[in-house]
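Working notes, structure below.
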Amino acid sequence: MRIKVSIYVLLTGLTLAGCAKDGILPDEDPGNNGSGSSTSGVTPTTIEVNYDEEDLIEGTTFVRTISIVFSNEGDATVTGDENGIVTVSGNQVTVDNTSTNEKVKYELSGSTSNGFLKIYSNNKQALVLNGVSIVNPGGAAINNQGKKRCFVVVNGENYLADGTTYTSTPEEEDEKAAFFSEGQLIFSGEGSLQVKATGKAGITSDDYLNFLEGPSINVSSTAGHGLRGKDAVYVNGGTLAIQTSAHMKKGITSDSLVVFNGGITTVAVSGGVAYDEDDQEYKSSAGVKADQYFVMNDGSLTITNSGQGGKGISGDGPAYFQGGTVDVTVTGSNYAKNSEDSKSAKGIKFDGNIYISGGSISAKASNHEGIESKGKIEMTGGTVFAQSKDDAVNSAGMTAITGGQICAYSTGNDGIDTNGNCYLEGGVIYAIGSGGAEVAVDANTEIGCKLYVNGGTLFALGGLEKGSSLSQSCYQASSWNRNTWYSLSVGNNTFAFKTPSSGGTGLVVSGSSEPEVKSGVTVTGGDQIFNGMGAVGASVSGGSTVSLSAYSGGTSGPGGGGPRGW
């Protein structure tokens, strides 16, 4: 099944065609545990995301260009303002374009340590940043009160900074960031922009943010989010570097949609947990937070979060990993004020379903789950590496792996922990449990669910859940050597896996035909996967043949632990 959801950015906001309330697609059932069937029935589920071509500045004609030059030596100067819409007080520049129907381009240059640009407009407009530096000790450096598209063309080196307190904001106006806009902000150009926020967020739109090819944008915030687009954040190109240190704040966040279609994005977060007075609850920080949809189509996204209870990527709805490269590292400890207000530090965590159909994902969490869904997890393609002291991969509902390559490595719990049925039906699965009751692959037998091994290539350290249904034959070895390369040959295909320095006891393997396993092999060439713990297409030589016997399941401990620390 292929779900097609076209998401168009309109002048009035965000429209999700064919979607139900709260970001859940009509046929999604986050609580479905898949019980009652021995096969998953899963085929690739994808989502299409399209933004309006009107976001390209080439499609807009501007009536005039007004030049604004800021100066630390005197007042800002203005040229090209034939209608007298610009007012200057020192370097505090205000534009009122509400009485004309003109689309105006504003070229900004020069430098001020005590100024700002504020715009009132009913029309589309463009801000061309030509090596401008604006610092406003009392509020936003740029405050756009217009609600139409605002194109931001970045040329040369540019700098914007706010103050620690916002002292001059009228009660009826929002001013939420060092660079704030009521309308859409669409970034392009070939230059760089540095935004330093110490009072509020870095860049915020009460509509959406769209980053196109070209610009290099660096945002640091010690008080608020790095980037926030209320209706959406699109990263279609460019280079983004985001740093946030405030408690419970996010590097990139949207009340609706976050989409990566390209570009190079790096997010570093260090803030911990804090009490949100507005929502009356404790919240943690995150590298990326999408309240409804998260979509990774292309580009690269690298996230580090050292904050207590922090997340790498999180969302209240579903997530679609369809391409590109994701690398998440979460090193913060868990936060436990009391049983109701605990916050766990997790790599990737979504309340909705997680669909993985392409791309490369690495999610490492020092103290809690690497990848977790309150719904179900479906993997039909791509490459995944998840490592954690807790479950490496955890779902509250069904987990189905029908394609792709996945390594789930836990140093203190289950490799793959499913609280519904777990289906292994295709792809390459390398699962590592910590041993004892913590197995390589676990399904919740306590509520009548089961692990089904129906296909795929499996290399499991720590055994499988008791009572598993093994329609594809499995084989076992009584022990394995640590820090050792193993080869697993199934028919004409050979895979290589490096065992960790710690992990479960017992080795279980499976393939479409009876596999051959060798220990201590030499691996050369090929493609390294699983954070260096796997290789495909490599040349494998030497080693000693491992004696295998039939495996019927249930030799490992019980498993079936429920979700912890949501």
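Residue numbering restarts at 1 for every chain of the structure tokens, chains are lettered A, B, ... in their displayed order, and ligands are numbered from 1 as they appear.
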**Message:** Quick one: residues within 9 Å of A:Gly237, only C-alpha atoms, excluding same-chain residues fewer than 5 positions away - as an MDAnalysis selection string?
**Reply:** chainID A and resid 188 211:215 260:264 299
Take the residues that were just selected and, keeping all heavy atoms, output them as a PDB file, in the first residue's frame.
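Generated output (out11.pdb):
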```pdb
ATOM      1  N   SER A 188      17.112  31.992   0.509  1.00  0.00           N
ATOM      2  CA  SER A 188      17.906  31.582  -0.649  1.00  0.00           C
ATOM      3  C   SER A 188      19.166  32.437  -0.675  1.00  0.00           C
ATOM      4  O   SER A 188      19.438  33.191   0.255  1.00  0.00           O
ATOM      5  CB  SER A 188      17.097  31.742  -1.947  1.00  0.00           C
ATOM      6  OG  SER A 188      16.769  33.109  -2.158  1.00  0.00           O
ATOM      7  N   PHE A 211      13.927  26.689   3.595  1.00  0.00           N
ATOM      8  CA  PHE A 211      15.338  26.929   3.278  1.00  0.00           C
ATOM      9  C   PHE A 211      15.642  26.263   1.947  1.00  0.00           C
ATOM     10  O   PHE A 211      15.582  25.037   1.818  1.00  0.00           O
ATOM     11  CB  PHE A 211      16.234  26.376   4.386  1.00  0.00           C
ATOM     12  CG  PHE A 211      15.997  27.037   5.718  1.00  0.00           C
ATOM     13  CD1 PHE A 211      15.056  26.527   6.601  1.00  0.00           C
ATOM     14  CD2 PHE A 211      16.703  28.177   6.076  1.00  0.00           C
ATOM     15  CE1 PHE A 211      14.819  27.139   7.823  1.00  0.00           C
ATOM     16  CE2 PHE A 211      16.474  28.800   7.297  1.00  0.00           C
ATOM     17  CZ  PHE A 211      15.520  28.275   8.165  1.00  0.00           C
ATOM     18  N   LEU A 212      15.970  27.100   0.952  1.00  0.00           N
ATOM     19  CA  LEU A 212      16.260  26.615  -0.391  1.00  0.00           C
ATOM     20  C   LEU A 212      17.763  26.463  -0.589  1.00  0.00           C
ATOM     21  O   LEU A 212      18.559  26.676   0.329  1.00  0.00           O
ATOM     22  CB  LEU A 212      15.663  27.578  -1.418  1.00  0.00           C
ATOM     23  CG  LEU A 212      14.149  27.803  -1.313  1.00  0.00           C
ATOM     24  CD1 LEU A 212      13.679  28.813  -2.345  1.00  0.00           C
ATOM     25  CD2 LEU A 212      13.384  26.492  -1.461  1.00  0.00           C
ATOM     26  N   GLU A 213      18.162  26.086  -1.772  1.00  0.00           N
ATOM     27  CA  GLU A 213      19.579  25.863  -2.074  1.00  0.00           C
ATOM     28  C   GLU A 213      20.408  27.128  -1.870  1.00  0.00           C
ATOM     29  O   GLU A 213      19.947  28.229  -2.179  1.00  0.00           O
ATOM     30  CB  GLU A 213      19.749  25.396  -3.522  1.00  0.00           C
ATOM     31  CG  GLU A 213      19.210  24.011  -3.795  1.00  0.00           C
ATOM     32  CD  GLU A 213      20.044  22.916  -3.173  1.00  0.00           C
ATOM     33  OE1 GLU A 213      21.192  23.195  -2.779  1.00  0.00           O
ATOM     34  OE2 GLU A 213      19.543  21.783  -3.054  1.00  0.00           O
ATOM     35  N   GLY A 214      21.625  26.960  -1.357  1.00  0.00           N
ATOM     36  CA  GLY A 214      22.593  28.050  -1.377  1.00  0.00           C
ATOM     37  C   GLY A 214      23.066  28.587  -0.063  1.00  0.00           C
ATOM     38  O   GLY A 214      24.267  28.521   0.240  1.00  0.00           O
ATOM     39  N   PRO A 215      22.199  29.164   0.778  1.00  0.00           N
ATOM     40  CA  PRO A 215      22.715  29.915   1.919  1.00  0.00           C
ATOM     41  C   PRO A 215      23.300  29.023   3.015  1.00  0.00           C
ATOM     42  O   PRO A 215      22.934  27.850   3.161  1.00  0.00           O
ATOM     43  CB  PRO A 215      21.478  30.651   2.440  1.00  0.00           C
ATOM     44  CG  PRO A 215      20.334  29.795   2.028  1.00  0.00           C
ATOM     45  CD  PRO A 215      20.727  29.208   0.705  1.00  0.00           C
ATOM     46  N   PHE A 260      12.680  17.324   5.546  1.00  0.00           N
ATOM     47  CA  PHE A 260      14.030  17.475   5.001  1.00  0.00           C
ATOM     48  C   PHE A 260      14.042  16.877   3.604  1.00  0.00           C
ATOM     49  O   PHE A 260      13.863  15.674   3.422  1.00  0.00           O
ATOM     50  CB  PHE A 260      15.063  16.776   5.893  1.00  0.00           C
ATOM     51  CG  PHE A 260      15.262  17.442   7.221  1.00  0.00           C
ATOM     52  CD1 PHE A 260      14.454  17.122   8.301  1.00  0.00           C
ATOM     53  CD2 PHE A 260      16.255  18.395   7.385  1.00  0.00           C
ATOM     54  CE1 PHE A 260      14.628  17.740   9.533  1.00  0.00           C
ATOM     55  CE2 PHE A 260      16.430  19.019   8.616  1.00  0.00           C
ATOM     56  CZ  PHE A 260      15.622  18.687   9.683  1.00  0.00           C
ATOM     57  N   ASN A 261      14.251  17.760   2.617  1.00  0.00           N
ATOM     58  CA  ASN A 261      14.353  17.334   1.221  1.00  0.00           C
ATOM     59  C   ASN A 261      15.760  17.490   0.670  1.00  0.00           C
ATOM     60  O   ASN A 261      16.004  17.171  -0.496  1.00  0.00           O
ATOM     61  CB  ASN A 261      13.393  18.147   0.352  1.00  0.00           C
ATOM     62  CG  ASN A 261      11.950  17.746   0.552  1.00  0.00           C
ATOM     63  OD1 ASN A 261      11.645  16.572   0.708  1.00  0.00           O
ATOM     64  ND2 ASN A 261      11.055  18.719   0.564  1.00  0.00           N
ATOM     65  N   GLY A 262      16.688  17.988   1.465  1.00  0.00           N
ATOM     66  CA  GLY A 262      18.056  18.199   1.003  1.00  0.00           C
ATOM     67  C   GLY A 262      18.833  19.002   2.023  1.00  0.00           C
ATOM     68  O   GLY A 262      18.421  19.193   3.172  1.00  0.00           O
ATOM     69  N   GLY A 263      19.991  19.502   1.591  1.00  0.00           N
ATOM     70  CA  GLY A 263      20.807  20.334   2.448  1.00  0.00           C
ATOM     71  C   GLY A 263      21.613  19.549   3.466  1.00  0.00           C
ATOM     72  O   GLY A 263      21.525  18.325   3.572  1.00  0.00           O
ATOM     73  N   ILE A 264      22.419  20.293   4.211  1.00  0.00           N
ATOM     74  CA  ILE A 264      23.253  19.727   5.277  1.00  0.00           C
ATOM     75  C   ILE A 264      22.863  20.433   6.571  1.00  0.00           C
ATOM     76  O   ILE A 264      23.041  21.645   6.698  1.00  0.00           O
ATOM     77  CB  ILE A 264      24.742  19.931   4.995  1.00  0.00           C
ATOM     78  CG1 ILE A 264      25.136  19.267   3.671  1.00  0.00           C
ATOM     79  CG2 ILE A 264      25.597  19.399   6.144  1.00  0.00           C
ATOM     80  CD1 ILE A 264      26.534  19.617   3.207  1.00  0.00           C
ATOM     81  N   GLY A 299      19.058  14.688   1.880  1.00  0.00           N
ATOM     82  CA  GLY A 299      19.932  15.555   2.643  1.00  0.00           C
ATOM     83  C   GLY A 299      20.534  14.820   3.827  1.00  0.00           C
ATOM     84  O   GLY A 299      20.352  13.607   4.002  1.00  0.00           O
TER      85      GLY A 299
END
```
**Message:** Env of A:Gly202: 9 Å cut, atoms = only C-alpha atoms, seq-sep filter 4 positions within chain, self excluded. Answer as a ChimeraX atom specification.
**Reply:** /A:161-162,176-180,195-198,219-221,223-228
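Closest approach to A:Ser469 among A:Ala440, A:Ala363, A:Met248, A:Leu424: A:Leu424, based on only C-alpha atoms.
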**All residues 10 Å or closer to A:Leu257, only C-alpha atoms, same chain fewer than 6 positions away omitted, as JSON, numbers by chain** = {"A": [7, 14, 16, 23, 49, 208, 229, 230, 231, 232, 233, 234, 289, 290, 291, 292, 293, 294, 295, 315, 317]}
For the residues selected in the previous step, produce a file with N, CA and C atoms as a compact mmCIF listing (two decimals), in the first residue's frame.
```txt
# COMPACT_ATOMS: atom_id res chain seq x y z
N ILE A 7 1.19 17.70 0.50
CA ILE A 7 1.14 18.78 1.47
C ILE A 7 1.55 20.07 0.76
N LEU A 14 -1.19 25.91 6.10
CA LEU A 14 -0.80 24.57 5.70
C LEU A 14 -2.01 23.70 5.49
N LEU A 16 -3.12 19.71 4.59
CA LEU A 16 -2.70 18.34 4.42
C LEU A 16 -3.84 17.59 3.76
N GLY A 23 -2.85 14.75 12.84
CA GLY A 23 -1.69 14.23 12.13
C GLY A 23 -1.70 12.74 11.88
N VAL A 49 5.45 15.10 -0.15
CA VAL A 49 5.39 16.45 0.40
C VAL A 49 5.79 17.43 -0.69
N TYR A 208 5.43 29.55 8.01
CA TYR A 208 6.40 28.48 7.82
C TYR A 208 7.76 29.03 7.42
N GLY A 229 8.98 27.07 12.80
CA GLY A 229 7.95 27.43 11.84
C GLY A 229 6.64 26.87 12.34
N LYS A 230 5.72 27.72 12.70
CA LYS A 230 4.48 27.25 13.32
C LYS A 230 3.78 26.22 12.45
N ASP A 231 3.63 26.52 11.15
CA ASP A 231 2.94 25.60 10.26
C ASP A 231 3.85 24.57 9.62
N ALA A 232 5.12 24.89 9.45
CA ALA A 232 6.04 23.93 8.85
C ALA A 232 7.45 24.48 8.86
N VAL A 233 8.40 23.55 8.82
CA VAL A 233 9.80 23.87 8.53
C VAL A 233 10.22 22.96 7.39
N TYR A 234 10.62 23.57 6.26
CA TYR A 234 11.13 22.83 5.11
C TYR A 234 12.63 23.10 4.98
N LYS A 289 11.72 18.58 16.64
CA LYS A 289 10.41 18.20 17.17
C LYS A 289 9.34 18.60 16.16
N ALA A 290 8.54 17.62 15.73
CA ALA A 290 7.42 17.86 14.81
C ALA A 290 6.14 17.42 15.50
N ASP A 291 5.21 18.34 15.69
CA ASP A 291 3.99 17.99 16.42
C ASP A 291 3.07 17.08 15.62
N GLN A 292 3.11 17.15 14.29
CA GLN A 292 2.22 16.29 13.50
C GLN A 292 2.98 15.32 12.61
N TYR A 293 3.83 15.81 11.71
CA TYR A 293 4.52 14.94 10.76
C TYR A 293 6.01 15.24 10.75
N PHE A 294 6.81 14.18 10.69
CA PHE A 294 8.23 14.32 10.40
C PHE A 294 8.52 13.51 9.15
N VAL A 295 9.19 14.14 8.17
CA VAL A 295 9.50 13.47 6.91
C VAL A 295 10.96 13.71 6.56
N GLY A 315 8.27 13.46 18.00
CA GLY A 315 7.06 13.97 17.39
C GLY A 315 5.83 13.36 18.01
N GLY A 317 3.08 12.78 16.15
CA GLY A 317 2.41 12.00 15.11
C GLY A 317 3.36 10.99 14.50
```
**Complete:** Restricting to only C-alpha atoms, whichever of A:Lys148, A:Lys105, A:Arg482, A:His368 is closest to A:Ile68 is A:Lys105
**Item:** Within 12 Å of A:Pro44 using only C-alpha atoms, minus same-chain residues under 4 positions, as a count of residues only
**Value:** 24
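Closest approach to A:Ile47 from the set A:Ala443, A:Ile134, A:Met398, A:Val259 is made by A:Val259, with distances taken over only C-alpha atoms.
Atom pair atom CA of A:Lys124 / atom CA of A:Glu171: separated by 24.8 Å.
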**Who sits within 9 Å of A:Gly271, only C-alpha atoms, same chain under 3 positions skipped, as a PyMOL selection string** = chain A and resi 222+244-250+274+284-286+305-308+310
Selection export as a short mmCIF file (atom, residue, chain, number, x, y, z; two decimals), in the first residue's frame, atoms kept: N, CA, C and O atoms:
```
data_model
loop_
_atom_site.label_atom_id
_atom_site.label_comp_id
_atom_site.auth_asym_id
_atom_site.auth_seq_id
_atom_site.Cartn_x
_atom_site.Cartn_y
_atom_site.Cartn_z
N THR A 222 20.33 30.88 23.37
CA THR A 222 20.48 30.51 24.78
C THR A 222 19.17 30.69 25.55
O THR A 222 19.14 30.44 26.75
N THR A 244 21.30 25.15 20.51
CA THR A 244 20.41 25.67 21.55
C THR A 244 20.86 25.11 22.90
O THR A 244 21.30 23.96 23.00
N SER A 245 20.73 25.94 23.95
CA SER A 245 21.16 25.52 25.28
C SER A 245 20.09 25.72 26.35
O SER A 245 20.30 25.31 27.49
N ALA A 246 18.97 26.32 26.02
CA ALA A 246 17.93 26.56 27.01
C ALA A 246 17.17 25.27 27.32
O ALA A 246 16.96 24.42 26.45
N HIS A 247 16.74 25.13 28.57
CA HIS A 247 15.97 23.97 28.97
C HIS A 247 14.66 23.90 28.19
O HIS A 247 14.03 24.91 27.91
N MET A 248 14.26 22.71 27.84
CA MET A 248 13.03 22.29 27.14
C MET A 248 12.90 22.87 25.73
O MET A 248 11.87 22.68 25.08
N LYS A 249 13.92 23.55 25.23
CA LYS A 249 13.84 24.13 23.89
C LYS A 249 14.36 23.17 22.83
O LYS A 249 15.09 22.22 23.11
N LYS A 250 13.97 23.45 21.58
CA LYS A 250 14.30 22.57 20.47
C LYS A 250 15.20 23.27 19.47
O LYS A 250 15.13 24.48 19.29
N ALA A 274 12.44 21.34 31.88
CA ALA A 274 11.91 22.50 32.61
C ALA A 274 10.39 22.42 32.61
O ALA A 274 9.78 21.70 31.82
N SER A 284 11.05 18.34 27.85
CA SER A 284 12.48 18.16 27.63
C SER A 284 12.88 18.79 26.30
O SER A 284 12.05 19.17 25.49
N SER A 285 14.16 18.87 26.08
CA SER A 285 14.69 19.44 24.85
C SER A 285 14.69 18.39 23.74
O SER A 285 14.53 17.20 23.99
N ALA A 286 14.89 18.84 22.50
CA ALA A 286 15.00 17.93 21.36
C ALA A 286 15.79 18.61 20.26
O ALA A 286 15.76 19.84 20.12
N ASN A 305 22.51 15.65 21.41
CA ASN A 305 21.78 16.21 22.54
C ASN A 305 22.38 15.67 23.83
O ASN A 305 22.34 14.47 24.09
N SER A 306 22.94 16.57 24.63
CA SER A 306 23.55 16.18 25.90
C SER A 306 22.67 16.55 27.09
O SER A 306 23.06 16.35 28.24
N GLY A 307 21.49 17.11 26.84
CA GLY A 307 20.61 17.56 27.90
C GLY A 307 19.93 16.42 28.64
O GLY A 307 19.59 15.39 28.04
N GLN A 308 19.71 16.59 29.93
CA GLN A 308 19.03 15.58 30.72
C GLN A 308 17.62 15.38 30.21
O GLN A 308 16.86 16.33 30.03
N GLY A 310 16.71 14.61 27.30
CA GLY A 310 16.55 15.15 25.95
C GLY A 310 16.33 14.08 24.90
O GLY A 310 16.65 12.90 25.09
#
```
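The neighbours of A:Gly435 here are the residues that come within 10 Å of it, using only C-alpha atoms and leaving out any residue fewer than 6 positions away in the same chain; they are Ser410, Thr411, Gly412, Asn413, Asp414, Leu461, Gly462, Gly463, Ser502, Gly503, Gly504, Thr505, Gly506, Ser556 and Gly557 of chain A.
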**Asked** atom CA of A:Ser192 and atom CA of A:Thr265 are how many Å apart?
**Response** 14.2 Å
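Between A:Met533 and the candidates A:Asn155, A:Gln387, A:Asn492, A:Ser473, the tightest atom-to-atom separation, counting only C-alpha atoms, involves A:Gln387.
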**Item:** Those in stretch 11-144 of chain A with strand (DSSP E) from DSSP, as a ChimeraX atom specification
**Value:** /A:13-16,64-70,77-79,86-89,91-97,104-112,115-121,125-135,142-144
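Across the structure, atom CA of A:Asp255 and atom CA of A:Pro318 are spaced 13.4 Å apart.
The nearest approach to A:Asn210 among the residues A:Ser111, A:Asn50, A:Ser360, A:Thr329, with only C-alpha atoms taken into account, belongs to A:Asn50.
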